[in-house]
Each structure stands twice: as C-alpha cells, then as structure tokens.
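I have placed the structure first, in the form of structure tokens, so that the comments after it can refer back to it.
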Amino acid sequence: MAAGEPVQTAPRRTSEPMRLTKPDLNLMKTLHVMKLDFLPPAVLAAALTCATPAWAQQPAPSAPDNAPFDAEQLFASTCGWCHSDGGRAAGKGPQLMGTSKSDDFIRERIKNGKPGAMPAFDGALSDAQIDAIIKYIRSLKPQQG
Amino acid sequence: MKKQPSYLAVSVAISAAVAIGATLAASPAFAQSVDTARIEAGGQNDWLTYHGSYKSYHYSPLAQINTGNVANLSVAWIHIPGRSTRGLQSMPLVADGVLYYTGSYSRVFALNGATGEVIWSYFPELDEGLIARQTHSPYNRGVAIGDGKVYVGTMDGRLIALDMKTGKVAWDTKLIDSQKLTVGFTGAPLFAKGTVVIGAQGGEWPGRGPIFGVDAATGKKKWEFLTVAGTDDAMKTWGSDSWRTGGGGGWMPGTYDTDTNTVLWGTANPAPLYDWSGADFKTQGARPGDNLYTSSVIALDVDTGKLKSFHQELPHDAWDFDSAVGEFLMLDRDGQKLVVHPNKSGYIFVYDRNLAVKNVWRITQNSNFVKNIDPKTGELIGRRDFAAGKVEEPLCPHISGGVSWNSGSYNPKTGLYYKLGQEWCMTLDVMKTTPIVAPQAQLNIGANFKIAPPPGGEIYGHLDARDPVTGAKKWEVRFPEPPLASVLSTGGNLVFVPDSRGTVHAYDADSGTELWNHSDGTGHQGGIISYSAGGKQYVAVVAGFGGMASDDYAPTFGGVYKSMPRDDGALIVYSLK
C-alpha cells in the first residue's frame, strides 16, 4: 500500500485520576440529594469518576430543571453516533463543543439536516427539544481535566 | 496457459459477441427465465442472486481469468449511475449476459454485460422528505431476479417488481408505513419458489423489524414475520412492554434451503443499542430479557413465514453486534450438511440445517465484549453488561463490527473461506434513558462513544483464508484500514478484495500472494461478482464510499479519506486485454 500512511487521531483514554472541577462538585451535591447509599456501587463509582452520566441518575420527574437532563439523553440517543463523545469530539459529524455557529444556524441544521451527511429532525423533535439541545451544545465542556 | 486461438476462432468469437450484443440491445427477449432450480444450480456464466447462488459462496467457477494472466486484467467498461449519495453498495446480478444493479435511491439499471450499454433503467419516485429524515439511507444493496421480473426495495417502504425485459413496473407494493416508522428497505430481496422475501431496517429504530414474503406474480403480501416478539414465547423475553419499540429487522438478504423449503435469515439488534441494565439484564434496564428474535438466525417456511427453528447468537445483545449479515454458506462436509453464518461481532457460527450449533470460531484478534463463545453450545461466556456511566476498558470490536455486513467468499476448489476481519475498538459512556414506549421517528442508541485503536495497537483490517468449519487459518493479508466491501473468489484460483482506499487487489487463492491491483478512484463498500458474456469473463465491482462505517474513515485515518467523496460512485467492469 503506497498511498498515505494512516493517521491515528483517536486518542487513547488515560486512567489518570480526574481533578474535580466545578461541575463535578455540583454533581457531588446532586448525588447527595439523591441518597448515595441506594445507588449500586458500580453506578456510584461511574457517577463519581465521570461528570456526564451522573445526570442520568437524576430521577426525571423530580428534577427541578430537567431541560439539560432531557437534552443530554436525547443527544446520546439520536445524535451521538455521529457527534462523538456527546458532541465533544469530531466523528462522522464535526465537534459541536465550542462551535462558532449561531443558534439559528444550529437550529436550521438540526431541522433540515444535510443530504447524505445528517438526517433532518424536523417533525421528530419539537422546537422545545431543539432549543434544549442547543442549550446542551452551548454547555458542553471537555470531559477530562 | 491456453494456446492463442486461431484467427478464424477469434473472428467467430467476435461476430458471435456482436450478434449477442445486438440481440440484447434490440430485443432483450434473449433472456431465459430465471427460476428457483436455476438459482440453486448457479449456472457458471451468471450471478442470479445476491449471494451468487443459494449456496451463498460468492464464488464464480469461471477460470478464463486466472493466476497466469490476471496481470493483463484491465477496465472493459464503466457505468455511472448518478446521485450516489453515501456511495454505492449494490451487488450486481447477471443473467444471460445482462447485468442488473442498483444505485442510491433504488435506481435500477439493466446493462449489456459485454459493453455496458443501457438496455433499460428505472428511477422510482420516492418520498424525498422522508429520505432526508433517515440515517441509513438512501443507498441500496441490490435486486433479486426470478419469474421474469426484477425486484427492488425502496427507502419509503415499498417492494417494486419490474419486467426483466423492459423495466416496466409489474407491481408496486407498500409494505411498511415508513412515514410513521422512518425505516424502509436498503437490502436486496431474495427470490425463492415464487416468493420474494425482503426484510426491513430496524436496529436502533424503535419498531418491530418485520420480514415479508410477497407473491412474485401478483405483489400480494403472503406473510409477515416480526423479528421483535413475533411469537408468544418471544413476547415473554421483552420486559416492561419494551417489545413495542424493540428494533430488530433483517436488512440483508439471507438464503433458501431447497431441501427443506426454508428461508434462512439473519436479524438485527434490539433498541436501544446500549442498555444500562448491568448484569441483571433479564429483569432490569431498557429492555429486560433475551429480546427474541433479535441478533438471531431464523428459519422460516417460505410459503407461510412460520418460524421453524432459530438460534439467538447474542441473547440480549448489549453491543449492537447483530446477526443481520445475510451470508449463510451451505456446506456439505463429511456427509453433514452445515451452514456457516458470521455474526457482526467477528464470531463465526457453524450450524446444522436446523440451526443447532456445531462450532463457533472467531476471526478478530481484538474482542472483549465476551470472554468467549462456547464452541459446543454457542453460549456467551463472561459477557460484559454495562451499567450507566463511562465504560472503563474500551469495548472491542467497534460498533462497525468485527466483520462488515458485506460478504466473504468460499472457494470449493481450495476448501477455503476468504473473509475480512476488522480490528478496532471504542470508548463508551452508557446513558440511562427514559424508556421509549411508542414507535417514533428517532434513533435510539443510548450511549455516547468514539472510535479507538485496540489496546496497545493500531486499527487495521485483514483478509483471512480459513477453513470455514474449524476456523483454521492458512494465510492472512493485512490492510492499514479495514476493507468494508465484499470478497470474490473464482475458479481461476483468485481472490479479489476491493479495499477502502479504492484499490482492487487480486491474490493467489492458495498463498495470498498479490498478483494484480488497480485503482477504481474511490473507496469500496459494496459488491463484486464475476460473470461471462459472449464467451468472455468479466469482473464487476461497485466503487463509492459513504455511510455509517465509512464516514468514520476521514476523521480517523485522514490521508486519502479526507478528500474522498461521499456522494459519488461507479460500476467498474474488468476483463482481459
């Protein structure tokens, strides 16, 4: 094979301990509210070592502001195959974290997609859901310190 | 090596070819009827069904092109189907010198196999608004032929029959409410005994993944088998009403066992793809239970669609390593009738004709979703069931699979099975999602993830030459990026591999020595066949990249993939100079 050597861009995960950032501390609070002792150890460990999935442990109905919670789930279910790491990294689609695109552009792209690249979600997602997803994209932070 | 033919012989051959070409173009009445017996026999000049014949060898006995002269192989003709969004993925078929194939948007072409001249074409009118909402679309993987018609599925849920000679619509049957379920048909249908069988997409789309049997003569639906909870017993394997949106489907054509009048089919995965159940998947999580008949091989009566037997390759598939691969090698080995079926995970299952497990072997190096699969019973040993949260050790293989949905090739002369394996992994973060209880137009994946190299190594792909029953390896050729297309082997002792960079390679079937290669100008991810027209052997391959697996190549590998189009493609046909 003479053509260009393959370029590895997929980073390996490190097992370094994570520094607790502000959102992590907020999560710890959330978990306290949720009564830590009732969580199975595996879930608890996962929740404590990773910022994202802990949101998923929140019981939806009782969450005071469940918009980010819904959006993250929605994103993982319908967008995450193409926008890797919950939108934090480029995959089939571009990285969305830190995007310079306007809300209008993002709304337009989600509604109409792009033929052969991204499906159109008009009809599948409500305007409120799309707004929640835009908020979620704007709130994305790197997962590792 | 053959002797040079005399001048006279050459001129006779040429005039015969011209005459046949003219007949084909003027009056395709030349075509003989294609029926079940003919597909079973798999005549050596033709390629009558997706997998070559019901034996599903993807093998052509033709030997005009062989190890001695393959160096002289060059392009005979090219056909451009146009509008190749997400590339070309079709397996061409050939009957009596006429080649039938599809482009994206279910465009169907009948071409003169010797010249590429268009005999007829058919572009269905499709619901484009619906197609814009689909993720696995608008590619098409080919047609079926039989009883004087050509059959093609559409993304908006229809099965259409065209007159084989004229391309005129014979019937057009709506089988799925795609507006409601978003899914349609991308896979080729299977023709068997007057019935056309086609399976719907499903997998991560929340529906019940039907497979249909349709009367070839009238287009009337004869039966429908639901791969999600299609029987009372299966219903019990879906807790919390999760069967309503269970996914499933059977989007690649399987095959037909003439001895028992049975259709063998592979089914897709349950939804959501990733479950947060943890080890208690029988009672906990998004879809508690084994989730029958997803990620299974099933045997259906071709006339009634009744389930005769099945084996669930991955009970409660928590990794999207489905059984949708349509390859069922029908082998006769030491008086035993065996069936070989690759699972997407990279484990290859060997069954008897009643789908009882005879052996299981693995083609991938990097695999950790289970510790092993018991070769005697098919039972999963040491399975990894994730709870919600970040998965510590990367999951291998990657969601694109240890093998592609494309097919390998079995050469009865060497007794070897030529099959591509893929070495890649993924980081994974499983989400606890709110149960989806009504079918809706949305993917249902349930995790965030990213492609990753295998622990301590790099991503690569490999062509293996193995015993299909024991898995014993004779040789292996490695590729820096996994090839995704189908493989062809021939009576000329050759194995053809169309790779992802766009090069077609020909190897010596005994040794794996590369004897020839040629660039098709863009990546491959579809079919390759060989046939004979006017006494001359051809190799036909589709080129054109794009789709859920190939779209990862530019961000992962860079290089030639960065500029590779995802909306282009061609059918390229080779012959000896």
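Scheme for the structure tokens: letters A, B, ... for chains in order shown; per-chain residue numbers from 1; ligand numbers from 1 in order shown.
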Residues of chain B that have any atom at most 6 Å from an atom of chain A: could you tabulate them with the shortest-distance atom pair and the distance in Å to one decimal, using only C-alpha atoms, ordered by chain and increasing number, as JSON lines?
```
{"residue": "B:Thr85", "atom": "CA", "partner": "A:Gly116", "partner_atom": "CA", "distance": 5.5}
{"residue": "B:Arg86", "atom": "CA", "partner": "A:Gly116", "partner_atom": "CA", "distance": 5.7}
{"residue": "B:Ala132", "atom": "CA", "partner": "A:Pro119", "partner_atom": "CA", "distance": 5.6}
{"residue": "B:Arg133", "atom": "CA", "partner": "A:Ala120", "partner_atom": "CA", "distance": 4.5}
{"residue": "B:Gln134", "atom": "CA", "partner": "A:Pro119", "partner_atom": "CA", "distance": 5.5}
{"residue": "B:Thr135", "atom": "CA", "partner": "A:Pro119", "partner_atom": "CA", "distance": 5.4}
{"residue": "B:Gly389", "atom": "CA", "partner": "A:Pro53", "partner_atom": "CA", "distance": 4.9}
{"residue": "B:Lys432", "atom": "CA", "partner": "A:Ala56", "partner_atom": "CA", "distance": 5.4}
{"residue": "B:Thr433", "atom": "CA", "partner": "A:Gln73", "partner_atom": "CA", "distance": 5.8}
{"residue": "B:Ala441", "atom": "CA", "partner": "A:Ala124", "partner_atom": "CA", "distance": 5.5}
{"residue": "B:Leu443", "atom": "CA", "partner": "A:Thr78", "partner_atom": "CA", "distance": 4.7}
{"residue": "B:Asn444", "atom": "CA", "partner": "A:Ser77", "partner_atom": "CA", "distance": 4.7}
{"residue": "B:Ile445", "atom": "CA", "partner": "A:Ser77", "partner_atom": "CA", "distance": 4.3}
{"residue": "B:Gly446", "atom": "CA", "partner": "A:Ser77", "partner_atom": "CA", "distance": 4.7}
{"residue": "B:Ala447", "atom": "CA", "partner": "A:Ala76", "partner_atom": "CA", "distance": 5.2}
{"residue": "B:Asn448", "atom": "CA", "partner": "A:Asp85", "partner_atom": "CA", "distance": 5.1}
{"residue": "B:Phe449", "atom": "CA", "partner": "A:Asp85", "partner_atom": "CA", "distance": 5.1}
{"residue": "B:Lys450", "atom": "CA", "partner": "A:Ser84", "partner_atom": "CA", "distance": 5.1}
{"residue": "B:Ala452", "atom": "CA", "partner": "A:Ala10", "partner_atom": "CA", "distance": 5.3}
{"residue": "B:Asp551", "atom": "CA", "partner": "A:Lys92", "partner_atom": "CA", "distance": 5.1}
{"residue": "B:Asp552", "atom": "CA", "partner": "A:Lys92", "partner_atom": "CA", "distance": 5.2}
{"residue": "B:Thr556", "atom": "CA", "partner": "A:Thr9", "partner_atom": "CA", "distance": 5.4}
{"residue": "B:Phe557", "atom": "CA", "partner": "A:Val7", "partner_atom": "CA", "distance": 4.6}
{"residue": "B:Gly558", "atom": "CA", "partner": "A:Val7", "partner_atom": "CA", "distance": 5.7}
{"residue": "B:Gly559", "atom": "CA", "partner": "A:Gly4", "partner_atom": "CA", "distance": 5.4}
```
>> Among stretch 204-453 of chain B, which residues does DSSP mark as strand (DSSP E or B) when it is run on the backbone? Keep the chain and numbering as in the structure and answer as a ChimeraX atom specification.
In response: /B:210-215,221-226,247,255-257,262-266,270,277,296-301,307-312,329-333,336-342,347-352,357-362,372-373,380-381,387,389-390,395,409-411,416-423,425-430,447-452
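Here the alpha helix (DSSP H) residues in stretch 120-254 of chain B, by DSSP on the backbone, are Glu128, Gly129, Leu130, Ile131, Ala132, Ser178, Gln179, Lys180, Leu181, Asp232, Asp233, Ala234 and Met235 of chain B.
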>> Just want the 7 Å neighbourhood of stretch 96-109 of chain A, counted on only C-alpha atoms, with same-chain residues fewer than 5 positions away dropped. Output as a count of residues only.
In response: 8
>> Can you pull out the residues contacting B:Gly401? Cut-off 8 Å, using only C-alpha atoms, and skip same-chain residues under 2 positions away; I want them as a ChimeraX atom specification.
In response: /B:321,344-346,397-399,403-404,422
>> Set the distance at 9 Å and use only C-alpha atoms: which residues neighbour B:Asn354 once local chain neighbours fewer than 2 positions away are removed? I'd like the list as JSON, numbers by chain.
In response: {"B": [299, 308, 309, 310, 351, 352, 356, 357]}
> Skipping near chain neighbours, those fewer than 6 positions away, what residues fall within 10 Å of stretch 158-162 of chain B using only C-alpha atoms, listed as an MDAnalysis selection string?
Replying inline: chainID B and resid 106 108 122 124 126 143:145 148:152 168:178 184:185 189 196:198 212 214 216:219
> What is the atom CA of B:Gly378 to atom CA of B:Gly326 distance in Å?
Replying inline: 18.9 Å
> Neighbours of B:Val339 within 9 Å (only C-alpha atoms; same-chain residues fewer than 5 positions away dropped), as a VMD selection string?
Replying inline: chain B and resid 328 to 332 349 to 353 355 469
